[in-house]
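The file input32.txt comes next; it holds compact mmCIF, N, CA and C atoms.
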# COMPACT_ATOMS: atom_id res chain seq x y z
N MET A 1 -8.07 4.28 -10.71
CA MET A 1 -7.97 3.24 -9.70
C MET A 1 -9.38 2.75 -9.35
N ALA A 2 -9.45 1.58 -8.77
CA ALA A 2 -10.73 0.96 -8.45
C ALA A 2 -11.40 1.64 -7.26
N GLU A 3 -12.69 1.39 -7.11
CA GLU A 3 -13.41 1.87 -5.94
C GLU A 3 -12.88 1.14 -4.70
N GLN A 4 -12.92 1.80 -3.55
CA GLN A 4 -12.41 1.18 -2.32
C GLN A 4 -13.10 -0.14 -2.02
N SER A 5 -14.39 -0.24 -2.37
CA SER A 5 -15.14 -1.47 -2.09
C SER A 5 -14.68 -2.63 -2.97
N GLU A 6 -13.97 -2.35 -4.06
CA GLU A 6 -13.49 -3.39 -4.97
C GLU A 6 -12.09 -3.87 -4.62
N LEU A 7 -11.43 -3.17 -3.71
CA LEU A 7 -10.07 -3.52 -3.32
C LEU A 7 -10.09 -4.57 -2.21
N GLN A 8 -8.92 -5.19 -1.98
CA GLN A 8 -8.73 -6.06 -0.83
C GLN A 8 -7.74 -5.37 0.10
N TYR A 9 -7.70 -5.80 1.35
CA TYR A 9 -6.94 -5.07 2.36
C TYR A 9 -6.14 -6.01 3.25
N THR A 10 -5.16 -5.44 3.96
CA THR A 10 -4.41 -6.18 4.97
C THR A 10 -4.66 -5.54 6.34
N ALA A 11 -4.37 -6.27 7.38
CA ALA A 11 -4.50 -5.74 8.74
C ALA A 11 -3.46 -4.66 9.00
N GLU A 12 -2.44 -4.57 8.14
CA GLU A 12 -1.40 -3.54 8.27
C GLU A 12 -1.78 -2.26 7.52
N HIS A 13 -3.05 -2.16 7.11
CA HIS A 13 -3.60 -0.94 6.48
C HIS A 13 -3.07 -0.67 5.07
N GLU A 14 -2.88 -1.74 4.32
CA GLU A 14 -2.55 -1.61 2.92
C GLU A 14 -3.73 -2.06 2.09
N TRP A 15 -3.87 -1.47 0.92
CA TRP A 15 -4.88 -1.92 -0.02
C TRP A 15 -4.18 -2.65 -1.16
N VAL A 16 -4.92 -3.59 -1.76
CA VAL A 16 -4.37 -4.42 -2.83
C VAL A 16 -5.38 -4.46 -3.96
N LEU A 17 -4.90 -4.12 -5.15
CA LEU A 17 -5.72 -4.23 -6.36
C LEU A 17 -5.10 -5.33 -7.20
N VAL A 18 -5.85 -6.42 -7.39
CA VAL A 18 -5.34 -7.57 -8.14
C VAL A 18 -5.77 -7.47 -9.59
N ASP A 19 -4.80 -7.59 -10.49
CA ASP A 19 -5.04 -7.61 -11.93
C ASP A 19 -4.22 -8.75 -12.50
N GLY A 20 -4.88 -9.90 -12.72
CA GLY A 20 -4.15 -11.09 -13.18
C GLY A 20 -3.19 -11.56 -12.10
N ASP A 21 -1.88 -11.57 -12.43
CA ASP A 21 -0.88 -12.02 -11.45
C ASP A 21 -0.09 -10.84 -10.87
N THR A 22 -0.68 -9.64 -10.97
CA THR A 22 -0.02 -8.45 -10.44
C THR A 22 -0.89 -7.80 -9.37
N ALA A 23 -0.25 -7.48 -8.26
CA ALA A 23 -0.94 -6.79 -7.17
C ALA A 23 -0.37 -5.38 -7.06
N THR A 24 -1.24 -4.36 -7.23
CA THR A 24 -0.86 -2.98 -6.97
C THR A 24 -1.14 -2.72 -5.50
N VAL A 25 -0.19 -2.09 -4.82
CA VAL A 25 -0.25 -1.93 -3.37
C VAL A 25 -0.12 -0.45 -2.99
N GLY A 26 -0.91 -0.04 -2.02
CA GLY A 26 -0.79 1.29 -1.44
C GLY A 26 -1.22 1.23 0.01
N ILE A 27 -1.16 2.36 0.69
CA ILE A 27 -1.68 2.39 2.05
C ILE A 27 -3.05 3.06 2.02
N THR A 28 -3.87 2.70 2.97
CA THR A 28 -5.24 3.21 3.02
C THR A 28 -5.26 4.66 3.50
N ALA A 29 -6.39 5.32 3.24
CA ALA A 29 -6.57 6.69 3.73
C ALA A 29 -6.49 6.72 5.25
N TYR A 30 -6.99 5.67 5.90
CA TYR A 30 -6.93 5.57 7.36
C TYR A 30 -5.46 5.62 7.81
N ALA A 31 -4.61 4.83 7.17
CA ALA A 31 -3.19 4.80 7.53
C ALA A 31 -2.53 6.14 7.23
N ALA A 32 -2.84 6.71 6.07
CA ALA A 32 -2.25 8.00 5.69
C ALA A 32 -2.64 9.08 6.69
N ASP A 33 -3.90 9.04 7.14
CA ASP A 33 -4.38 10.01 8.12
C ASP A 33 -3.67 9.83 9.46
N LYS A 34 -3.48 8.58 9.88
CA LYS A 34 -2.82 8.31 11.15
C LYS A 34 -1.35 8.72 11.11
N LEU A 35 -0.70 8.57 9.94
CA LEU A 35 0.70 8.95 9.80
C LEU A 35 0.87 10.47 9.87
N GLY A 36 -0.07 11.18 9.29
CA GLY A 36 0.09 12.63 9.17
C GLY A 36 0.74 12.96 7.84
N ASP A 37 1.35 14.13 7.74
CA ASP A 37 1.93 14.59 6.49
C ASP A 37 3.15 13.75 6.11
N VAL A 38 3.04 12.99 5.03
CA VAL A 38 4.13 12.13 4.57
C VAL A 38 5.19 13.00 3.90
N VAL A 39 6.46 12.80 4.33
CA VAL A 39 7.56 13.61 3.81
C VAL A 39 8.62 12.77 3.10
N PHE A 40 8.59 11.44 3.25
CA PHE A 40 9.60 10.58 2.63
C PHE A 40 9.04 9.19 2.44
N VAL A 41 9.29 8.60 1.27
CA VAL A 41 8.86 7.23 0.99
C VAL A 41 10.05 6.46 0.45
N GLU A 42 10.33 5.30 1.05
CA GLU A 42 11.39 4.41 0.58
C GLU A 42 10.73 3.13 0.10
N LEU A 43 11.00 2.75 -1.16
CA LEU A 43 10.39 1.57 -1.75
C LEU A 43 11.47 0.58 -2.16
N PRO A 44 11.12 -0.71 -2.28
CA PRO A 44 12.11 -1.70 -2.70
C PRO A 44 12.49 -1.51 -4.17
N ALA A 45 13.61 -2.07 -4.56
CA ALA A 45 14.08 -1.96 -5.95
C ALA A 45 13.23 -2.84 -6.87
N VAL A 46 12.98 -2.33 -8.07
CA VAL A 46 12.30 -3.13 -9.08
C VAL A 46 13.17 -4.36 -9.37
N GLY A 47 12.51 -5.52 -9.44
CA GLY A 47 13.22 -6.77 -9.67
C GLY A 47 13.58 -7.51 -8.41
N SER A 48 13.40 -6.87 -7.24
CA SER A 48 13.72 -7.55 -5.99
C SER A 48 12.58 -8.47 -5.59
N ASP A 49 12.95 -9.55 -4.92
CA ASP A 49 11.96 -10.49 -4.42
C ASP A 49 11.50 -10.05 -3.04
N VAL A 50 10.19 -10.15 -2.80
CA VAL A 50 9.63 -9.78 -1.51
C VAL A 50 8.81 -10.95 -0.97
N ALA A 51 8.80 -11.08 0.34
CA ALA A 51 8.02 -12.14 0.99
C ALA A 51 6.81 -11.52 1.66
N GLY A 52 5.65 -12.10 1.44
CA GLY A 52 4.42 -11.60 2.05
C GLY A 52 4.56 -11.47 3.56
N GLY A 53 4.11 -10.33 4.09
CA GLY A 53 4.15 -10.12 5.53
C GLY A 53 5.44 -9.53 6.05
N THR A 54 6.42 -9.31 5.15
CA THR A 54 7.69 -8.74 5.59
C THR A 54 7.78 -7.26 5.22
N VAL A 55 8.62 -6.53 5.95
CA VAL A 55 8.79 -5.11 5.70
C VAL A 55 9.61 -4.92 4.41
N VAL A 56 9.08 -4.11 3.50
CA VAL A 56 9.76 -3.88 2.22
C VAL A 56 10.03 -2.40 1.95
N GLY A 57 9.56 -1.54 2.84
CA GLY A 57 9.78 -0.11 2.63
C GLY A 57 9.41 0.67 3.87
N GLU A 58 9.49 1.98 3.72
CA GLU A 58 9.27 2.87 4.85
C GLU A 58 8.51 4.11 4.38
N ILE A 59 7.62 4.57 5.23
CA ILE A 59 6.89 5.80 4.96
C ILE A 59 7.08 6.71 6.16
N GLU A 60 7.76 7.82 5.94
CA GLU A 60 8.04 8.74 7.04
C GLU A 60 7.12 9.95 6.94
N SER A 61 6.64 10.36 8.10
CA SER A 61 5.80 11.56 8.16
C SER A 61 6.41 12.52 9.17
N THR A 62 5.76 13.66 9.31
CA THR A 62 6.22 14.63 10.30
C THR A 62 6.03 14.11 11.72
N LYS A 63 5.16 13.09 11.88
CA LYS A 63 4.86 12.55 13.22
C LYS A 63 5.59 11.25 13.53
N SER A 64 5.80 10.38 12.51
CA SER A 64 6.34 9.06 12.80
C SER A 64 6.89 8.40 11.54
N VAL A 65 7.40 7.19 11.72
CA VAL A 65 7.86 6.37 10.61
C VAL A 65 7.01 5.12 10.57
N GLY A 66 6.41 4.85 9.41
CA GLY A 66 5.60 3.65 9.25
C GLY A 66 6.30 2.65 8.34
N GLU A 67 6.09 1.38 8.62
CA GLU A 67 6.67 0.34 7.79
C GLU A 67 5.69 -0.06 6.70
N LEU A 68 6.23 -0.35 5.52
CA LEU A 68 5.43 -0.85 4.42
C LEU A 68 5.67 -2.36 4.33
N PHE A 69 4.59 -3.12 4.42
CA PHE A 69 4.67 -4.57 4.36
C PHE A 69 4.25 -5.05 2.98
N ALA A 70 4.89 -6.12 2.50
CA ALA A 70 4.47 -6.74 1.25
C ALA A 70 3.26 -7.62 1.57
N PRO A 71 2.12 -7.39 0.92
CA PRO A 71 0.95 -8.23 1.18
C PRO A 71 1.01 -9.58 0.48
N VAL A 72 1.89 -9.68 -0.52
CA VAL A 72 2.02 -10.93 -1.28
C VAL A 72 3.50 -11.25 -1.45
N THR A 73 3.79 -12.52 -1.70
CA THR A 73 5.15 -12.95 -2.02
C THR A 73 5.31 -12.88 -3.53
N GLY A 74 6.41 -12.29 -3.98
CA GLY A 74 6.63 -12.20 -5.41
C GLY A 74 7.80 -11.32 -5.75
N THR A 75 7.76 -10.75 -6.96
CA THR A 75 8.83 -9.90 -7.46
C THR A 75 8.28 -8.51 -7.72
N VAL A 76 9.01 -7.50 -7.27
CA VAL A 76 8.59 -6.12 -7.49
C VAL A 76 8.68 -5.82 -8.99
N ALA A 77 7.54 -5.54 -9.60
CA ALA A 77 7.47 -5.29 -11.04
C ALA A 77 7.61 -3.81 -11.36
N GLU A 78 7.16 -2.96 -10.42
CA GLU A 78 7.17 -1.52 -10.66
C GLU A 78 7.04 -0.80 -9.33
N THR A 79 7.66 0.36 -9.23
CA THR A 79 7.44 1.22 -8.07
C THR A 79 6.99 2.58 -8.59
N ASN A 80 6.32 3.32 -7.73
CA ASN A 80 5.77 4.61 -8.12
C ASN A 80 6.79 5.71 -7.83
N ASP A 81 7.55 6.07 -8.86
CA ASP A 81 8.56 7.12 -8.70
C ASP A 81 7.94 8.45 -8.31
N ALA A 82 6.70 8.69 -8.74
CA ALA A 82 6.03 9.96 -8.43
C ALA A 82 5.87 10.14 -6.92
N VAL A 83 5.64 9.05 -6.21
CA VAL A 83 5.48 9.12 -4.75
C VAL A 83 6.82 9.38 -4.06
N VAL A 84 7.88 8.82 -4.62
CA VAL A 84 9.21 9.07 -4.06
C VAL A 84 9.56 10.55 -4.24
N GLU A 85 9.24 11.10 -5.41
CA GLU A 85 9.52 12.51 -5.70
C GLU A 85 8.57 13.45 -4.95
N SER A 86 7.30 13.03 -4.81
CA SER A 86 6.27 13.87 -4.17
C SER A 86 5.51 13.03 -3.13
N PRO A 87 6.12 12.80 -1.96
CA PRO A 87 5.52 11.91 -0.96
C PRO A 87 4.12 12.34 -0.51
N GLU A 88 3.79 13.62 -0.67
CA GLU A 88 2.47 14.10 -0.24
C GLU A 88 1.33 13.43 -1.01
N LEU A 89 1.63 12.79 -2.15
CA LEU A 89 0.60 12.05 -2.89
C LEU A 89 -0.03 10.94 -2.05
N VAL A 90 0.75 10.41 -1.11
CA VAL A 90 0.23 9.37 -0.22
C VAL A 90 -0.94 9.91 0.60
N ASN A 91 -0.86 11.18 0.99
CA ASN A 91 -1.94 11.81 1.74
C ASN A 91 -3.07 12.30 0.84
N SER A 92 -2.71 12.94 -0.27
CA SER A 92 -3.73 13.58 -1.10
C SER A 92 -4.53 12.61 -1.95
N ASP A 93 -3.93 11.47 -2.32
CA ASP A 93 -4.62 10.51 -3.19
C ASP A 93 -4.15 9.09 -2.91
N PRO A 94 -4.39 8.57 -1.68
CA PRO A 94 -3.84 7.27 -1.30
C PRO A 94 -4.34 6.10 -2.15
N PHE A 95 -5.55 6.23 -2.70
CA PHE A 95 -6.11 5.13 -3.49
C PHE A 95 -5.91 5.32 -4.99
N GLY A 96 -5.20 6.38 -5.38
CA GLY A 96 -4.99 6.66 -6.79
C GLY A 96 -3.52 6.90 -7.08
N ALA A 97 -3.17 8.18 -7.29
CA ALA A 97 -1.80 8.55 -7.64
C ALA A 97 -0.80 8.20 -6.54
N GLY A 98 -1.28 7.94 -5.32
CA GLY A 98 -0.40 7.60 -4.21
C GLY A 98 -0.10 6.11 -4.07
N TRP A 99 -0.40 5.31 -5.10
CA TRP A 99 -0.04 3.88 -5.03
C TRP A 99 1.47 3.75 -4.85
N LEU A 100 1.93 2.63 -4.31
CA LEU A 100 3.34 2.51 -3.95
C LEU A 100 4.12 1.54 -4.83
N LEU A 101 3.63 0.31 -4.99
CA LEU A 101 4.37 -0.65 -5.78
C LEU A 101 3.45 -1.68 -6.40
N LYS A 102 3.99 -2.37 -7.40
CA LYS A 102 3.29 -3.48 -8.04
C LYS A 102 4.17 -4.71 -7.91
N VAL A 103 3.53 -5.81 -7.47
CA VAL A 103 4.25 -7.06 -7.24
C VAL A 103 3.62 -8.16 -8.08
N THR A 104 4.45 -8.87 -8.84
CA THR A 104 3.99 -10.04 -9.58
C THR A 104 4.06 -11.23 -8.64
N PHE A 105 2.94 -11.94 -8.51
CA PHE A 105 2.87 -13.03 -7.53
C PHE A 105 2.37 -14.32 -8.18
N ALA A 106 2.65 -15.45 -7.51
CA ALA A 106 2.18 -16.75 -7.99
C ALA A 106 0.90 -17.15 -7.27
N GLU A 107 0.80 -16.78 -6.00
CA GLU A 107 -0.36 -17.17 -5.19
C GLU A 107 -0.80 -16.00 -4.33
N LEU A 108 -2.10 -15.75 -4.33
CA LEU A 108 -2.65 -14.66 -3.54
C LEU A 108 -3.05 -15.18 -2.16
N PRO A 109 -2.49 -14.60 -1.10
CA PRO A 109 -2.87 -15.04 0.25
C PRO A 109 -4.25 -14.51 0.61
N PRO A 110 -4.84 -15.01 1.68
CA PRO A 110 -6.13 -14.47 2.11
C PRO A 110 -5.97 -13.00 2.49
N LEU A 111 -6.86 -12.17 2.00
CA LEU A 111 -6.86 -10.74 2.30
C LEU A 111 -8.23 -10.35 2.83
N LEU A 112 -8.33 -9.16 3.39
CA LEU A 112 -9.59 -8.69 3.95
C LEU A 112 -10.46 -8.04 2.87
N SER A 113 -11.76 -8.23 2.99
CA SER A 113 -12.69 -7.52 2.12
C SER A 113 -12.84 -6.10 2.64
N TYR A 114 -13.50 -5.25 1.87
CA TYR A 114 -13.75 -3.87 2.29
C TYR A 114 -14.56 -3.87 3.59
N ALA A 115 -15.57 -4.73 3.68
CA ALA A 115 -16.40 -4.80 4.89
C ALA A 115 -15.58 -5.23 6.10
N ASP A 116 -14.71 -6.23 5.91
CA ASP A 116 -13.87 -6.70 7.00
C ASP A 116 -12.88 -5.62 7.44
N TYR A 117 -12.29 -4.92 6.47
CA TYR A 117 -11.34 -3.86 6.81
C TYR A 117 -12.05 -2.72 7.52
N SER A 118 -13.23 -2.35 7.04
CA SER A 118 -13.99 -1.28 7.68
C SER A 118 -14.29 -1.62 9.12
N ALA A 119 -14.62 -2.90 9.38
CA ALA A 119 -14.90 -3.35 10.75
C ALA A 119 -13.62 -3.26 11.59
N LEU A 120 -12.48 -3.61 10.99
CA LEU A 120 -11.20 -3.58 11.70
C LEU A 120 -10.86 -2.18 12.19
N ILE A 121 -11.13 -1.18 11.37
CA ILE A 121 -10.79 0.20 11.75
C ILE A 121 -11.95 0.93 12.43
N GLY A 122 -13.04 0.21 12.62
CA GLY A 122 -14.17 0.77 13.37
C GLY A 122 -15.03 1.72 12.59
N GLU A 123 -15.13 1.52 11.27
CA GLU A 123 -15.98 2.40 10.44
C GLU A 123 -17.25 1.68 10.02
Is it possible to give me this structure as structure tokens?
Amino acid sequence: MAEQSELQYTAEHEWVLVDGDTATVGITAYAADKLGDVVFVELPAVGSDVAGGTVVGEIESTKSVGELFAPVTGTVAETNDAVVESPELVNSDPFGAGWLLKVTFAELPPLLSYADYSALIGE
């Protein structure tokens, strides 16, 4: 996976790695830390259409339930079955093996840079 400084971010604490017309999406270490120990991940079905800014999944931890937002409008190309089977990957490797889904998109909306996201979370 790319370095954190090479990724783009949302205000909802998701990271986005753009490769051509595909966006790989996960939650940031900050979000994973705030959630606590992740015990369940629900992701949208492959082939489903998602609208940017809408809730497309759920991440449950021992402390709370977090919503997963689609950062882009498009079609779900792939989901990470490993995270569904082993939700703790979201905590142990949020920027790598803990990725959540890949969305094929036509247009990339404005996203936050690493510096902007770091400022948002106060780092």
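Residues within 5 Å of segment 74-87 of chain A, counting only N, CA and C atoms and excluding same-chain residues fewer than 4 positions away, are A:Val38, A:Val46, A:Gly47, A:Ser48, A:Asp49, A:Val50, A:Leu100, A:Leu101, A:Lys102, A:Val103, A:Thr104, A:Phe105.
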From A:Ser61, A:Thr22, A:Thr28, A:Gln4, residue lying nearest Asp93 of chain A [only N, CA and C atoms]: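 Under the stated criterion, the closest residue is A:Thr28.
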message: Run DSSP on the backbone and tell me which residues of segment 27-60 of chain A come out as strand (DSSP E); list them as a list in words.
response: Ile27, Val38, Val39, Phe40, Val41, Glu42, Asp49, Val50, Val55, Val56, Gly57, Glu58, Ile59 and Glu60 of chain A
- prompt: What does the distance between atom CA of Gln8 of chain A and atom CA of Ser64 of chain A come to in Å, to one decimal place?
  reply: 25.3 Å
- prompt: Counting all atoms listed in the file, what is within 8 Å of Gly36 of chain A, bar same-chain residues fewer than 6 positions away, as a list in words?
  reply: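 The residues satisfying every condition are Tyr30, Glu60, Ser61, Thr62, Lys63, Ser64 and Asn91 of chain A.
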query: Of the candidates A:Leu35, A:Asp116, A:Leu111, A:Gly122, which one gets nearest to Tyr9 of chain A if we count only N, CA and C atoms?
result: A:Leu111
field: Between atom CA of Phe69 of chain A and atom CA of Thr24 of chain A, distance in Å (one decimal)
entry: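 Separation of atom CA of Phe69 of chain A and atom CA of Thr24 of chain A: 12.7 Å.
Candidate residues A:Val72, A:Gly20, A:Glu88, A:Ala11 were compared for distance to Tyr117 of chain A, and the nearest is A:Ala11, using all atoms listed in the file.
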- request: Calculate how many Å separate atom CA of Trp99 of chain A from atom N of Asp37 of chain A, rounding to one decimal.
  value: 16.4 Å
Nearest to Val39 of chain A by atom-to-atom distance, counting all atoms listed in the file, from A:Ile59, A:Ala106, A:Asp21, A:Ala119: A:Ile59
- request: Do a neighbour search on Gly53 of chain A at 8 Å with all atoms listed in the file, toss out local chain neighbours closer than 2 positions, and write the hits as a list in words.
  value: Val50, Ala51, Val55, Val56, Leu68, Phe69, Ala70, Pro71, Val72 and Thr73 of chain A
message: I need the residues in segment 90-121 of chain A that are helix (DSSP H, G or I) according to DSSP; give them as a PyMOL selection string.
response: chain A and resi 90-92+114-120
query: Which residue, A:Val65, A:Thr54, A:Trp15, A:Leu7, has the smallest gap to Lys34 of chain A when you use only C-alpha atoms?
result: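 Answer, going by the shortest atom-to-atom distance: A:Val65.
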Contact residues around Phe95 of chain A with all atoms listed in the file at 8 Å, ignoring same-chain residues under 6 positions, as a PyMOL selection string: chain A and resi 1-4+15+26-29+89
Box for segment 85-104 of chain A - axis-aligned, 6 Å on each of the six sides, all listed atoms - centre and size in Å to one decimal, as AutoDock Vina command-line options.
--center_x 1.7 --center_y 1.4 --center_z -3.9 --size_x 27.6 --size_y 37.3 --size_z 23.3
Among listed residues A:Ser5, A:Glu58, A:Val25, A:Pro109, nearest Glu42 of chain A (using all atoms listed in the file): A:Glu58
